[in-house]
>>> print(open('data25.cif').read())   # mmCIF, C-alpha atoms
data_query
loop_
_atom_site.label_atom_id
_atom_site.label_comp_id
_atom_site.auth_asym_id
_atom_site.auth_seq_id
_atom_site.Cartn_x
_atom_site.Cartn_y
_atom_site.Cartn_z
CA MET A 1 -21.17 -8.43 -6.46
CA TYR A 2 -18.08 -9.00 -4.36
CA PRO A 3 -18.45 -11.02 -1.15
CA ALA A 4 -20.06 -8.78 1.50
CA ARG A 5 -17.08 -8.52 3.82
CA PHE A 6 -14.79 -7.82 0.89
CA GLU A 7 -17.06 -4.89 -0.02
CA THR A 8 -16.78 -3.72 3.60
CA LEU A 9 -13.01 -3.83 3.37
CA ILE A 10 -13.10 -1.75 0.17
CA ARG A 11 -15.43 0.78 1.85
CA GLN A 12 -13.09 1.06 4.83
CA LEU A 13 -10.05 1.54 2.61
CA GLU A 14 -11.90 4.24 0.65
CA LYS A 15 -12.01 6.31 3.84
CA LEU A 16 -8.22 6.72 3.85
CA PRO A 17 -7.09 10.21 2.85
CA GLY A 18 -6.66 10.57 -0.90
CA VAL A 19 -7.82 7.02 -1.65
CA GLY A 20 -10.57 6.67 -4.26
CA ALA A 21 -12.72 3.72 -5.29
CA LYS A 22 -10.14 2.34 -7.73
CA SER A 23 -7.22 2.41 -5.29
CA ALA A 24 -9.34 0.95 -2.51
CA GLN A 25 -10.21 -1.99 -4.77
CA ARG A 26 -6.58 -2.44 -5.72
CA TYR A 27 -5.57 -2.37 -2.04
CA ALA A 28 -8.26 -4.88 -1.08
CA PHE A 29 -7.21 -7.29 -3.82
CA SER A 30 -3.58 -7.06 -2.78
CA MET A 31 -4.63 -7.89 0.78
CA LEU A 32 -6.19 -11.13 -0.49
CA ASN A 33 -2.65 -12.38 -1.01
CA TYR A 34 -1.43 -11.51 2.49
CA PRO A 35 -0.29 -14.53 4.46
CA GLU A 36 -2.46 -15.40 7.45
CA GLU A 37 0.06 -14.09 10.00
CA ALA A 38 0.05 -10.69 8.32
CA ILE A 39 -3.73 -10.52 8.55
CA ASP A 40 -3.58 -11.48 12.22
CA GLU A 41 -0.95 -8.82 12.88
CA TYR A 42 -3.09 -6.30 11.05
CA ILE A 43 -6.16 -7.22 13.11
CA ASP A 44 -4.12 -6.95 16.30
CA ALA A 45 -2.84 -3.52 15.26
CA LEU A 46 -6.38 -2.32 14.59
CA LYS A 47 -7.46 -3.56 18.01
CA GLY A 48 -4.57 -1.60 19.48
CA LEU A 49 -5.84 1.62 17.88
CA LYS A 50 -8.52 1.87 20.55
CA GLU A 51 -5.91 2.10 23.29
CA ILE A 52 -3.85 4.81 21.66
CA GLY A 53 -3.99 8.26 23.19
CA LYS A 54 -1.65 11.16 23.78
CA CYS A 55 1.31 11.68 26.10
CA LYS A 56 0.10 13.67 29.12
CA ARG A 57 3.10 15.95 28.94
CA CYS A 58 3.93 16.64 25.28
CA GLY A 59 0.86 15.43 23.39
CA PHE A 60 2.77 12.92 21.24
CA ILE A 61 0.88 9.75 20.29
CA SER A 62 1.27 7.15 23.04
CA ASP A 63 -0.40 4.07 24.47
CA GLU A 64 0.98 4.85 27.92
CA GLU A 65 0.59 7.87 30.20
CA TYR A 66 3.90 9.35 29.06
CA CYS A 67 5.59 8.77 25.69
CA PRO A 68 9.05 7.13 25.45
CA LEU A 69 10.63 10.50 24.60
CA CYS A 70 9.34 12.19 27.75
CA LYS A 71 10.30 9.15 29.82
CA ASP A 72 13.88 9.12 28.47
CA LYS A 73 16.02 10.59 31.27
CA SER A 74 19.00 11.06 28.95
CA ARG A 75 17.23 13.79 26.97
CA ASP A 76 17.77 17.47 27.65
CA ASP A 77 14.58 18.64 29.35
CA SER A 78 15.55 22.30 29.19
CA ILE A 79 14.72 22.58 25.47
CA ILE A 80 11.27 22.10 23.95
CA MET A 81 10.69 21.85 20.21
CA VAL A 82 7.13 22.75 19.24
CA VAL A 83 5.81 20.86 16.20
CA ALA A 84 2.42 20.75 14.53
CA TYR A 85 2.01 16.97 14.05
CA ASP A 86 3.22 13.68 15.50
CA GLN A 87 4.90 12.85 12.19
CA ASP A 88 7.13 15.92 12.59
CA VAL A 89 8.59 14.42 15.76
CA VAL A 90 9.55 11.32 13.82
CA ALA A 91 11.09 13.42 11.03
CA ILE A 92 13.22 15.38 13.51
CA GLU A 93 14.21 12.24 15.43
CA LYS A 94 15.49 10.68 12.21
CA THR A 95 18.15 13.40 12.00
CA GLU A 96 19.59 12.10 15.30
CA THR A 97 20.85 15.59 16.12
CA TYR A 98 18.17 16.90 18.47
CA HIS A 99 18.15 15.63 22.05
CA GLY A 100 15.63 17.90 23.75
CA LEU A 101 11.92 17.31 24.31
CA TYR A 102 8.92 18.03 22.10
CA HIS A 103 5.50 19.55 22.27
CA VAL A 104 2.93 18.46 19.68
CA LEU A 105 0.27 21.06 18.88
CA GLY A 106 -1.97 18.71 16.93
CA GLY A 107 -2.26 21.16 14.03
CA VAL A 108 -1.71 24.79 13.14
CA ILE A 109 -3.84 27.89 13.46
CA SER A 110 -5.84 28.28 10.25
CA SER A 111 -8.53 30.83 9.73
CA SER A 112 -9.56 29.14 6.46
CA LYS A 113 -10.08 25.78 8.20
CA GLY A 114 -11.52 27.39 11.34
CA ILE A 115 -8.71 26.19 13.62
CA TYR A 116 -8.03 28.64 16.47
CA PRO A 117 -5.41 28.63 19.26
CA GLU A 118 -7.90 27.09 21.69
CA ASP A 119 -8.24 24.07 19.37
CA LEU A 120 -4.54 23.31 19.71
CA ASN A 121 -2.45 21.83 22.51
CA ILE A 122 -1.10 25.27 23.55
CA GLU A 123 -2.35 25.63 27.12
CA LYS A 124 -0.26 22.64 28.24
CA LEU A 125 2.77 24.13 26.50
CA LEU A 126 2.49 27.29 28.59
CA LEU A 127 2.22 25.20 31.76
CA ARG A 128 5.51 23.51 30.85
CA ILE A 129 7.44 26.79 30.68
CA ASP A 130 9.25 27.59 33.93
CA GLU A 131 12.75 28.76 34.85
CA SER A 132 14.17 25.30 33.98
CA ILE A 133 13.35 25.83 30.28
CA LYS A 134 16.20 27.52 28.40
CA GLU A 135 14.78 27.50 24.88
CA VAL A 136 11.62 26.87 22.92
CA ILE A 137 12.24 26.04 19.25
CA ILE A 138 9.23 26.64 17.02
CA ALA A 139 9.28 24.08 14.24
CA THR A 140 6.00 24.60 12.42
CA SER A 141 6.20 24.33 8.62
CA PRO A 142 7.07 27.49 6.64
CA THR A 143 3.57 27.67 5.19
CA MET A 144 1.18 30.57 5.69
CA ASP A 145 -0.64 28.83 8.55
CA GLY A 146 2.61 27.53 10.03
CA GLU A 147 4.07 31.05 10.06
CA MET A 148 0.93 32.47 11.64
CA THR A 149 1.12 29.84 14.35
CA ALA A 150 4.80 30.58 14.93
CA LEU A 151 4.09 34.32 15.31
CA TYR A 152 1.26 33.63 17.73
CA LEU A 153 3.38 31.29 19.85
CA ASP A 154 6.30 33.72 19.81
CA LYS A 155 4.06 36.45 21.17
CA ILE A 156 2.62 34.46 24.08
CA LEU A 157 5.89 32.69 24.91
CA LYS A 158 7.85 35.95 25.13
CA GLU A 159 5.59 36.98 28.00
CA LYS A 160 7.05 33.97 29.82
CA GLN A 161 10.58 35.41 29.41
CA VAL A 162 11.91 32.35 27.60
CA LEU A 163 14.23 32.27 24.58
CA VAL A 164 12.11 31.51 21.53
CA THR A 165 13.79 30.39 18.28
CA ARG A 166 12.51 29.29 14.88
CA LEU A 167 13.94 26.73 12.45
CA ALA A 168 15.92 28.42 9.65
CA HIS A 169 14.38 29.02 6.24
CA GLY A 170 16.42 28.83 3.06
CA LEU A 171 17.33 26.67 0.10
CA PRO A 172 16.71 22.98 0.67
CA MET A 173 19.91 20.93 0.46
CA GLY A 174 20.55 19.19 -2.84
CA ALA A 175 17.99 21.30 -4.69
CA SER A 176 18.81 23.38 -7.70
CA LEU A 177 18.65 27.16 -7.10
CA ASP A 178 16.54 27.84 -10.17
CA TYR A 179 13.88 25.44 -8.91
CA ALA A 180 13.40 27.36 -5.66
CA ASP A 181 10.38 29.67 -5.46
CA GLU A 182 10.87 33.40 -5.01
CA LEU A 183 9.92 33.49 -1.34
CA THR A 184 12.46 30.81 -0.51
CA LEU A 185 15.13 32.72 -2.46
CA ILE A 186 14.30 35.96 -0.62
CA LYS A 187 14.48 34.12 2.74
CA ALA A 188 17.76 32.49 1.69
CA MET A 189 19.25 35.88 0.78
CA ASN A 190 18.03 37.67 3.90
CA ASN A 191 19.25 34.89 6.16
CA ARG A 192 22.64 34.55 4.46
CA ARG A 193 25.56 33.70 6.73
CA LYS A 194 29.28 34.38 6.69
CA MET A 195 31.17 31.41 5.24
CA GLU A 196 33.11 29.52 7.87
CA ASP A 197 36.82 29.11 7.17
CA MET B 1 8.99 5.83 18.76
CA TYR B 2 5.34 5.26 17.96
CA PRO B 3 3.41 2.75 20.08
CA ALA B 4 4.38 -0.76 18.90
CA ARG B 5 1.01 -1.72 17.46
CA PHE B 6 0.78 1.60 15.66
CA GLU B 7 4.14 0.84 14.02
CA THR B 8 2.73 -2.56 13.01
CA LEU B 9 -0.24 -0.86 11.42
CA ILE B 10 2.06 1.47 9.46
CA ARG B 11 4.15 -1.52 8.34
CA GLN B 12 1.03 -3.35 7.16
CA LEU B 13 -0.23 -0.31 5.26
CA GLU B 14 3.18 0.08 3.61
CA LYS B 15 2.65 -3.29 1.95
CA LEU B 16 -0.27 -1.94 -0.11
CA PRO B 17 0.61 -1.43 -3.79
CA GLY B 18 2.07 2.01 -4.47
CA VAL B 19 1.99 3.06 -0.81
CA GLY B 20 5.24 4.40 0.63
CA ALA B 21 6.31 5.19 4.18
CA LYS B 22 4.80 8.69 4.14
CA SER B 23 1.37 7.63 2.88
CA ALA B 24 1.29 4.67 5.26
CA GLN B 25 1.87 7.05 8.18
CA ARG B 26 -0.81 9.40 6.92
CA TYR B 27 -3.25 6.50 6.55
CA ALA B 28 -2.49 5.18 10.04
CA PHE B 29 -3.02 8.61 11.61
CA SER B 30 -6.33 9.02 9.81
CA MET B 31 -7.40 5.64 11.18
CA LEU B 32 -6.80 6.93 14.70
CA ASN B 33 -9.91 9.04 14.19
CA TYR B 34 -12.12 6.19 13.02
CA PRO B 35 -15.11 5.59 15.28
CA GLU B 36 -15.03 2.28 17.14
CA GLU B 37 -17.71 0.66 14.95
CA ALA B 38 -15.65 1.37 11.84
CA ILE B 39 -12.62 -0.33 13.41
CA ASP B 40 -14.77 -3.32 14.36
CA GLU B 41 -16.16 -3.54 10.84
CA TYR B 42 -12.64 -3.33 9.47
CA ILE B 43 -11.45 -6.13 11.77
CA ASP B 44 -14.43 -8.24 10.73
CA ALA B 45 -13.68 -7.62 7.05
CA LEU B 46 -10.05 -8.69 7.56
CA LYS B 47 -11.19 -11.86 9.30
CA GLY B 48 -13.45 -12.51 6.30
CA LEU B 49 -10.44 -12.34 3.95
CA LYS B 50 -9.38 -15.81 5.04
CA GLU B 51 -12.63 -17.30 3.77
CA ILE B 52 -12.50 -15.71 0.36
CA GLY B 53 -11.73 -17.95 -2.58
CA LYS B 54 -12.73 -18.26 -6.21
CA CYS B 55 -15.94 -19.31 -7.94
CA LYS B 56 -15.53 -22.94 -9.04
CA ARG B 57 -16.98 -22.19 -12.43
CA CYS B 58 -15.76 -18.77 -13.58
CA GLY B 59 -12.92 -17.96 -11.17
CA PHE B 60 -14.47 -14.72 -9.89
CA ILE B 61 -13.78 -13.84 -6.24
CA SER B 62 -16.34 -15.54 -4.00
CA ASP B 63 -16.81 -16.73 -0.43
CA GLU B 64 -19.16 -19.49 -1.61
CA GLU B 65 -18.68 -22.36 -4.02
CA TYR B 66 -20.25 -20.43 -6.89
CA CYS B 67 -20.33 -16.64 -7.29
CA PRO B 68 -23.65 -14.72 -7.40
CA LEU B 69 -23.24 -14.16 -11.15
CA CYS B 70 -22.94 -17.86 -11.94
CA LYS B 71 -25.83 -18.62 -9.59
CA ASP B 72 -28.10 -16.03 -11.23
CA LYS B 73 -30.52 -18.07 -13.39
CA SER B 74 -31.70 -14.95 -15.25
CA ARG B 75 -28.33 -14.50 -16.96
CA ASP B 76 -27.65 -15.76 -20.47
CA ASP B 77 -25.38 -18.78 -20.00
CA SER B 78 -24.67 -19.11 -23.70
CA ILE B 79 -22.23 -16.17 -23.73
CA ILE B 80 -18.97 -16.02 -21.81
CA MET B 81 -16.93 -12.84 -21.47
CA VAL B 82 -13.28 -13.56 -20.70
CA VAL B 83 -11.56 -10.91 -18.56
CA ALA B 84 -8.14 -10.69 -16.98
CA TYR B 85 -9.06 -9.53 -13.45
CA ASP B 86 -11.97 -9.59 -10.98
CA GLN B 87 -12.14 -5.80 -11.15
CA ASP B 88 -12.93 -6.01 -14.87
CA VAL B 89 -16.12 -7.94 -14.08
CA VAL B 90 -17.23 -5.11 -11.82
CA ALA B 91 -16.40 -2.51 -14.49
CA ILE B 92 -18.48 -4.36 -17.11
CA GLU B 93 -21.35 -4.97 -14.68
CA LYS B 94 -21.54 -1.23 -13.98
CA THR B 95 -22.52 -0.66 -17.62
CA GLU B 96 -25.69 -2.74 -17.00
CA THR B 97 -25.69 -3.83 -20.64
CA TYR B 98 -24.09 -7.27 -20.50
CA HIS B 99 -26.15 -10.16 -19.21
CA GLY B 100 -24.03 -13.18 -20.04
CA LEU B 101 -21.51 -14.98 -17.83
CA TYR B 102 -17.81 -14.31 -17.21
CA HIS B 103 -14.55 -16.14 -17.00
CA VAL B 104 -11.75 -14.55 -14.97
CA LEU B 105 -8.24 -15.49 -16.12
CA GLY B 106 -6.47 -14.05 -13.09
CA GLY B 107 -3.98 -12.13 -15.25
CA VAL B 108 -2.62 -11.98 -18.78
CA ILE B 109 0.16 -13.83 -20.57
CA SER B 110 3.35 -11.81 -20.16
CA SER B 111 6.75 -12.99 -21.25
CA SER B 112 8.38 -10.08 -19.39
CA LYS B 113 6.72 -11.03 -16.09
CA GLY B 114 7.08 -14.76 -16.76
CA ILE B 115 3.33 -15.43 -16.87
CA TYR B 116 2.47 -18.30 -19.23
CA PRO B 117 -0.89 -19.77 -20.31
CA GLU B 118 -0.59 -22.55 -17.71
CA ASP B 119 -0.44 -19.90 -14.94
CA LEU B 120 -3.86 -18.58 -15.92
CA ASN B 121 -7.37 -19.95 -15.44
CA ILE B 122 -7.58 -21.15 -19.06
CA GLU B 123 -8.04 -24.91 -18.68
CA LYS B 124 -11.37 -24.40 -16.92
CA LEU B 125 -12.47 -22.02 -19.67
CA LEU B 126 -11.94 -24.73 -22.30
CA LEU B 127 -13.95 -27.20 -20.18
CA ARG B 128 -16.85 -24.73 -20.19
CA ILE B 129 -17.07 -24.61 -24.00
CA ASP B 130 -19.65 -27.00 -25.40
CA GLU B 131 -22.45 -26.76 -27.97
CA SER B 132 -24.54 -24.62 -25.57
CA ILE B 133 -22.01 -21.75 -25.82
CA LYS B 134 -22.82 -19.38 -28.69
CA GLU B 135 -20.12 -16.77 -28.19
CA VAL B 136 -16.93 -16.07 -26.25
CA ILE B 137 -16.11 -12.36 -25.95
CA ILE B 138 -12.46 -11.69 -25.22
CA ALA B 139 -12.24 -8.58 -23.06
CA THR B 140 -8.58 -8.34 -22.11
CA SER B 141 -7.15 -4.80 -22.12
CA PRO B 142 -5.73 -3.42 -25.38
CA THR B 143 -2.17 -3.52 -24.03
CA MET B 144 0.64 -5.57 -25.52
CA ASP B 145 0.14 -8.42 -23.03
CA GLY B 146 -3.66 -8.17 -23.29
CA GLU B 147 -3.47 -8.46 -27.08
CA MET B 148 -1.10 -11.41 -26.87
CA THR B 149 -3.49 -13.16 -24.51
CA ALA B 150 -6.42 -12.43 -26.83
CA LEU B 151 -4.58 -13.90 -29.82
CA TYR B 152 -3.63 -17.00 -27.83
CA LEU B 153 -7.21 -17.54 -26.62
CA ASP B 154 -8.61 -16.94 -30.10
CA LYS B 155 -6.34 -19.67 -31.47
CA ILE B 156 -7.24 -22.33 -28.92
CA LEU B 157 -10.94 -21.41 -28.79
CA LYS B 158 -11.34 -21.62 -32.56
CA GLU B 159 -10.42 -25.30 -32.35
CA LYS B 160 -13.58 -25.64 -30.27
CA GLN B 161 -15.68 -24.28 -33.16
CA VAL B 162 -17.13 -21.44 -31.09
CA LEU B 163 -17.69 -17.83 -32.19
CA VAL B 164 -14.89 -15.71 -30.67
CA THR B 165 -15.24 -11.91 -30.57
CA ARG B 166 -13.09 -9.11 -29.14
CA LEU B 167 -14.16 -5.79 -27.59
CA ALA B 168 -13.84 -2.93 -30.09
CA HIS B 169 -10.86 -0.58 -30.03
CA GLY B 170 -11.18 3.09 -30.88
CA LEU B 171 -11.42 6.57 -29.45
CA PRO B 172 -12.60 6.66 -25.86
CA MET B 173 -15.90 8.55 -25.48
CA GLY B 174 -15.65 12.14 -24.35
CA ALA B 175 -11.93 12.32 -25.10
CA SER B 176 -10.46 14.86 -27.46
CA LEU B 177 -9.12 13.41 -30.72
CA ASP B 178 -5.79 15.19 -30.47
CA TYR B 179 -5.13 13.60 -27.10
CA ALA B 180 -5.44 10.07 -28.50
CA ASP B 181 -2.19 8.21 -29.18
CA GLU B 182 -1.31 7.14 -32.71
CA LEU B 183 -2.13 3.48 -32.22
CA THR B 184 -5.60 4.33 -30.98
CA LEU B 185 -6.15 6.65 -33.96
CA ILE B 186 -5.03 3.96 -36.38
CA LYS B 187 -7.39 1.44 -34.71
CA ALA B 188 -10.20 4.00 -34.79
CA MET B 189 -9.68 4.62 -38.52
CA ASN B 190 -9.35 0.94 -39.43
CA ASN B 191 -12.45 0.02 -37.43
CA ARG B 192 -14.55 2.92 -38.73
CA ARG B 193 -18.24 2.17 -39.22
CA LYS B 194 -20.98 3.46 -41.53
CA MET B 195 -23.02 6.14 -39.77
CA GLU B 196 -26.47 4.96 -38.85
CA ASP B 197 -29.33 7.10 -40.18
#
>>> encode(input="data25.cif", output="structure tokens")
Amino acid sequence: MYPARFETLIRQLEKLPGVGAKSAQRYAFSMLNYPEEAIDEYIDALKGLKEIGKCKRCGFISDEEYCPLCKDKSRDDSIIMVVAYDQDVVAIEKTETYHGLYHVLGGVISSSKGIYPEDLNIEKLLLRIDESIKEVIIATSPTMDGEMTALYLDKILKEKQVLVTRLAHGLPMGASLDYADELTLIKAMNNRRKMED
Amino acid sequence: MYPARFETLIRQLEKLPGVGAKSAQRYAFSMLNYPEEAIDEYIDALKGLKEIGKCKRCGFISDEEYCPLCKDKSRDDSIIMVVAYDQDVVAIEKTETYHGLYHVLGGVISSSKGIYPEDLNIEKLLLRIDESIKEVIIATSPTMDGEMTALYLDKILKEKQVLVTRLAHGLPMGASLDYADELTLIKAMNNRRKMED
């Protein structure tokens, strides 16, 4: 009933994760009101998608051979933080407190989803470990699969004689203690630290 | 940090209603995995957006002068159903029980949002009313603004000596009575009907 290409747009929007028929329609109608420049920018961005690949070194999304983080000479290349997804790099970068490099796995080991170590960007990580690397920080999420992945990486990285660390677990800042789940509370108690004066 | 055109894509997706920075990122990453044909279809659909306008007669979204519904000679052109949005036409059409024509207002009167009768597609509705029109069904939503719009339309349409009806209000089918709000229950009681044998 809608114009054919409008239907196509709705169908494409329906493919987005978590977007159903209703939302896709709402999105498409809102796009009708976009100014022409916005549409052109959008089209250009979609065209650009075809050229996007991964950084040869760390696996982070990039449209060049190496990503800007790996190319940045001011960063400390003796520390590698291992994350599951590209978005995690952006989250860590926003803190503006980490100045080492990254390695993006492209997921986590998950027996339920059938994702095994060989499906992840692990081989290239091992190739990056030499005597110049002082520390590998494992920054997978504290979920079941994230923990499994961290344990696996810890095991194979220790064979390389490198210091392996893991992001701390505990109460999230600003959250109320009685809202924390039991596991978080147990982690927070076990990992308690002496107050600094 | 992301490739420039990928950032543009995220920014464009963030403009969609109810989509925040996190969802926009998630959407953009999922689009990385689209096959090339899907991207091309998407681009084509976006190009088509510029050609989309409104049906000259009923105001429904159309890329031609008249929409397929107005052009369909098999439909009963003596009944007009007045709806607020294009999406409402699609919802009614899905029922496959209405065979008259439509009139899309493009919104509802809302003093809080500063939308007045002159902002809506009402003038053209009045021009459509002549002796050939047997009934105008007002199908705005049973919200405060929808009711206000219905009352306003009823007033001005009655001057045209045409039968004006309103969609029934009552309990939604399949819903549990104790989940219905008070206003709906009151409407359902007031509009009760004799059981058919």
>>> resolve_selection(input="data25.cif", expression="the PyMOL selection byres ((chain B and resi 4) around 12)", output="PDB file with C-alpha atoms, keeping the file's coordinate frame")
ATOM      1  CA  GLU A  41      -0.950  -8.820  12.880  1.00  0.00           C
ATOM      2  CA  ASP A  44      -4.120  -6.950  16.300  1.00  0.00           C
ATOM      3  CA  ALA A  45      -2.840  -3.520  15.260  1.00  0.00           C
ATOM      4  CA  LEU A  46      -6.380  -2.320  14.590  1.00  0.00           C
ATOM      5  CA  GLY A  48      -4.570  -1.600  19.480  1.00  0.00           C
ATOM      6  CA  LEU A  49      -5.840   1.620  17.880  1.00  0.00           C
ATOM      7  CA  GLU A  51      -5.910   2.100  23.290  1.00  0.00           C
ATOM      8  CA  ILE A  52      -3.850   4.810  21.660  1.00  0.00           C
ATOM      9  CA  ILE A  61       0.880   9.750  20.290  1.00  0.00           C
ATOM     10  CA  SER A  62       1.270   7.150  23.040  1.00  0.00           C
ATOM     11  CA  ASP A  63      -0.400   4.070  24.470  1.00  0.00           C
ATOM     12  CA  GLU A  64       0.980   4.850  27.920  1.00  0.00           C
ATOM     13  CA  CYS A  67       5.590   8.770  25.690  1.00  0.00           C
ATOM     14  CA  PRO A  68       9.050   7.130  25.450  1.00  0.00           C
TER      15      PRO A  68
ATOM     16  CA  MET B   1       8.990   5.830  18.760  1.00  0.00           C
ATOM     17  CA  TYR B   2       5.340   5.260  17.960  1.00  0.00           C
ATOM     18  CA  PRO B   3       3.410   2.750  20.080  1.00  0.00           C
ATOM     19  CA  ARG B   5       1.010  -1.720  17.460  1.00  0.00           C
ATOM     20  CA  PHE B   6       0.780   1.600  15.660  1.00  0.00           C
ATOM     21  CA  GLU B   7       4.140   0.840  14.020  1.00  0.00           C
ATOM     22  CA  THR B   8       2.730  -2.560  13.010  1.00  0.00           C
ATOM     23  CA  LEU B   9      -0.240  -0.860  11.420  1.00  0.00           C
ATOM     24  CA  ILE B  10       2.060   1.470   9.460  1.00  0.00           C
ATOM     25  CA  ARG B  11       4.150  -1.520   8.340  1.00  0.00           C
TER      26      ARG B  11
END
>>> closest_residue(input="data25.cif", among="A:Asp88, A:Asp130, A:Glu147, A:Asp40", to="chain B", atoms="all atoms listed in the file")
A:Asp40
>>> atom_distance(input="data25.cif", atom1="CA of Gly107 (chain A)", atom2="CA of Tyr85 (chain A)")
6.0 Å
>>> resolve_selection(input="data25.cif", expression="the PyMOL selection byres ((chain B and resi 25) around 12)", output="PyMOL selection string")
(chain A and resi 16-17+85-88+90-91) or (chain B and resi 2+6-14+19-24+26-32)
>>> resolve_selection(input="data25.cif", expression="the PyMOL selection byres ((chain B and resi 109) around 8)", output="ChimeraX atom specification")
/B:107-108,110-111,114-117,120,145-146,148-149
>>> write_last_selection(input="data25.cif", atoms="C-alpha atoms", output="CSV table (one decimal), in the frame of the given file")
chain,number,residue,atom,x,y,z
B,107,GLY,CA,-4.0,-12.1,-15.2
B,108,VAL,CA,-2.6,-12.0,-18.8
B,110,SER,CA,3.4,-11.8,-20.2
B,111,SER,CA,6.8,-13.0,-21.2
B,114,GLY,CA,7.1,-14.8,-16.8
B,115,ILE,CA,3.3,-15.4,-16.9
B,116,TYR,CA,2.5,-18.3,-19.2
B,117,PRO,CA,-0.9,-19.8,-20.3
B,120,LEU,CA,-3.9,-18.6,-15.9
B,145,ASP,CA,0.1,-8.4,-23.0
B,146,GLY,CA,-3.7,-8.2,-23.3
B,148,MET,CA,-1.1,-11.4,-26.9
B,149,THR,CA,-3.5,-13.2,-24.5
>>> closest_residue(input="data25.cif", among="A:Lys160, A:Asp76, A:Val82, A:Ile92", to="chain B", atoms="only C-alpha atoms")
A:Ile92
>>> closest_residue(input="data25.cif", among="A:Gly106, A:Pro142, A:Gly100, A:Gly174", to="chain B", atoms="all atoms listed in the file")
A:Gly106
>>> residues_around(input="data25.cif", residues="region 124-129 of chain A", least_positions_apart="6", cutoff="8 Å", atoms="only C-alpha atoms", output="NGL selection string")
:A and (57-58 or 103 or 157 or 160 or 162)
>>> build_atoms(input="data25.cif", residues="region 111-124 of chain A", atoms="N, CA and C atoms", output="compact mmCIF listing (two decimals), in the coordinates of the input")
# COMPACT_ATOMS: atom_id res chain seq x y z
N SER A 111 -7.23 30.17 9.77
CA SER A 111 -8.53 30.83 9.73
C SER A 111 -9.41 30.20 8.65
N SER A 112 -8.76 29.72 7.54
CA SER A 112 -9.56 29.14 6.46
C SER A 112 -10.20 27.82 6.90
N LYS A 113 -9.51 27.05 7.74
CA LYS A 113 -10.08 25.78 8.20
C LYS A 113 -10.80 25.93 9.54
N GLY A 114 -10.83 27.16 10.06
CA GLY A 114 -11.52 27.39 11.34
C GLY A 114 -10.80 26.75 12.51
N ILE A 115 -9.46 26.74 12.49
CA ILE A 115 -8.71 26.19 13.62
C ILE A 115 -8.09 27.36 14.39
N TYR A 116 -8.48 27.52 15.65
CA TYR A 116 -8.03 28.64 16.47
C TYR A 116 -7.12 28.14 17.58
N PRO A 117 -6.37 29.06 18.23
CA PRO A 117 -5.41 28.63 19.26
C PRO A 117 -6.03 27.69 20.29
N GLU A 118 -7.30 27.94 20.66
CA GLU A 118 -7.90 27.09 21.69
C GLU A 118 -8.15 25.66 21.22
N ASP A 119 -8.07 25.43 19.89
CA ASP A 119 -8.24 24.07 19.37
C ASP A 119 -6.94 23.27 19.42
N LEU A 120 -5.85 23.97 19.73
CA LEU A 120 -4.54 23.31 19.71
C LEU A 120 -4.03 23.07 21.12
N ASN A 121 -3.02 22.23 21.23
CA ASN A 121 -2.45 21.83 22.51
C ASN A 121 -1.47 22.90 23.01
N ILE A 122 -1.97 24.14 23.20
CA ILE A 122 -1.10 25.27 23.55
C ILE A 122 -1.09 25.52 25.05
N GLU A 123 -2.25 25.35 25.69
CA GLU A 123 -2.35 25.63 27.12
C GLU A 123 -1.32 24.81 27.91
N LYS A 124 -1.21 23.53 27.54
CA LYS A 124 -0.26 22.64 28.24
C LYS A 124 1.18 23.05 27.97
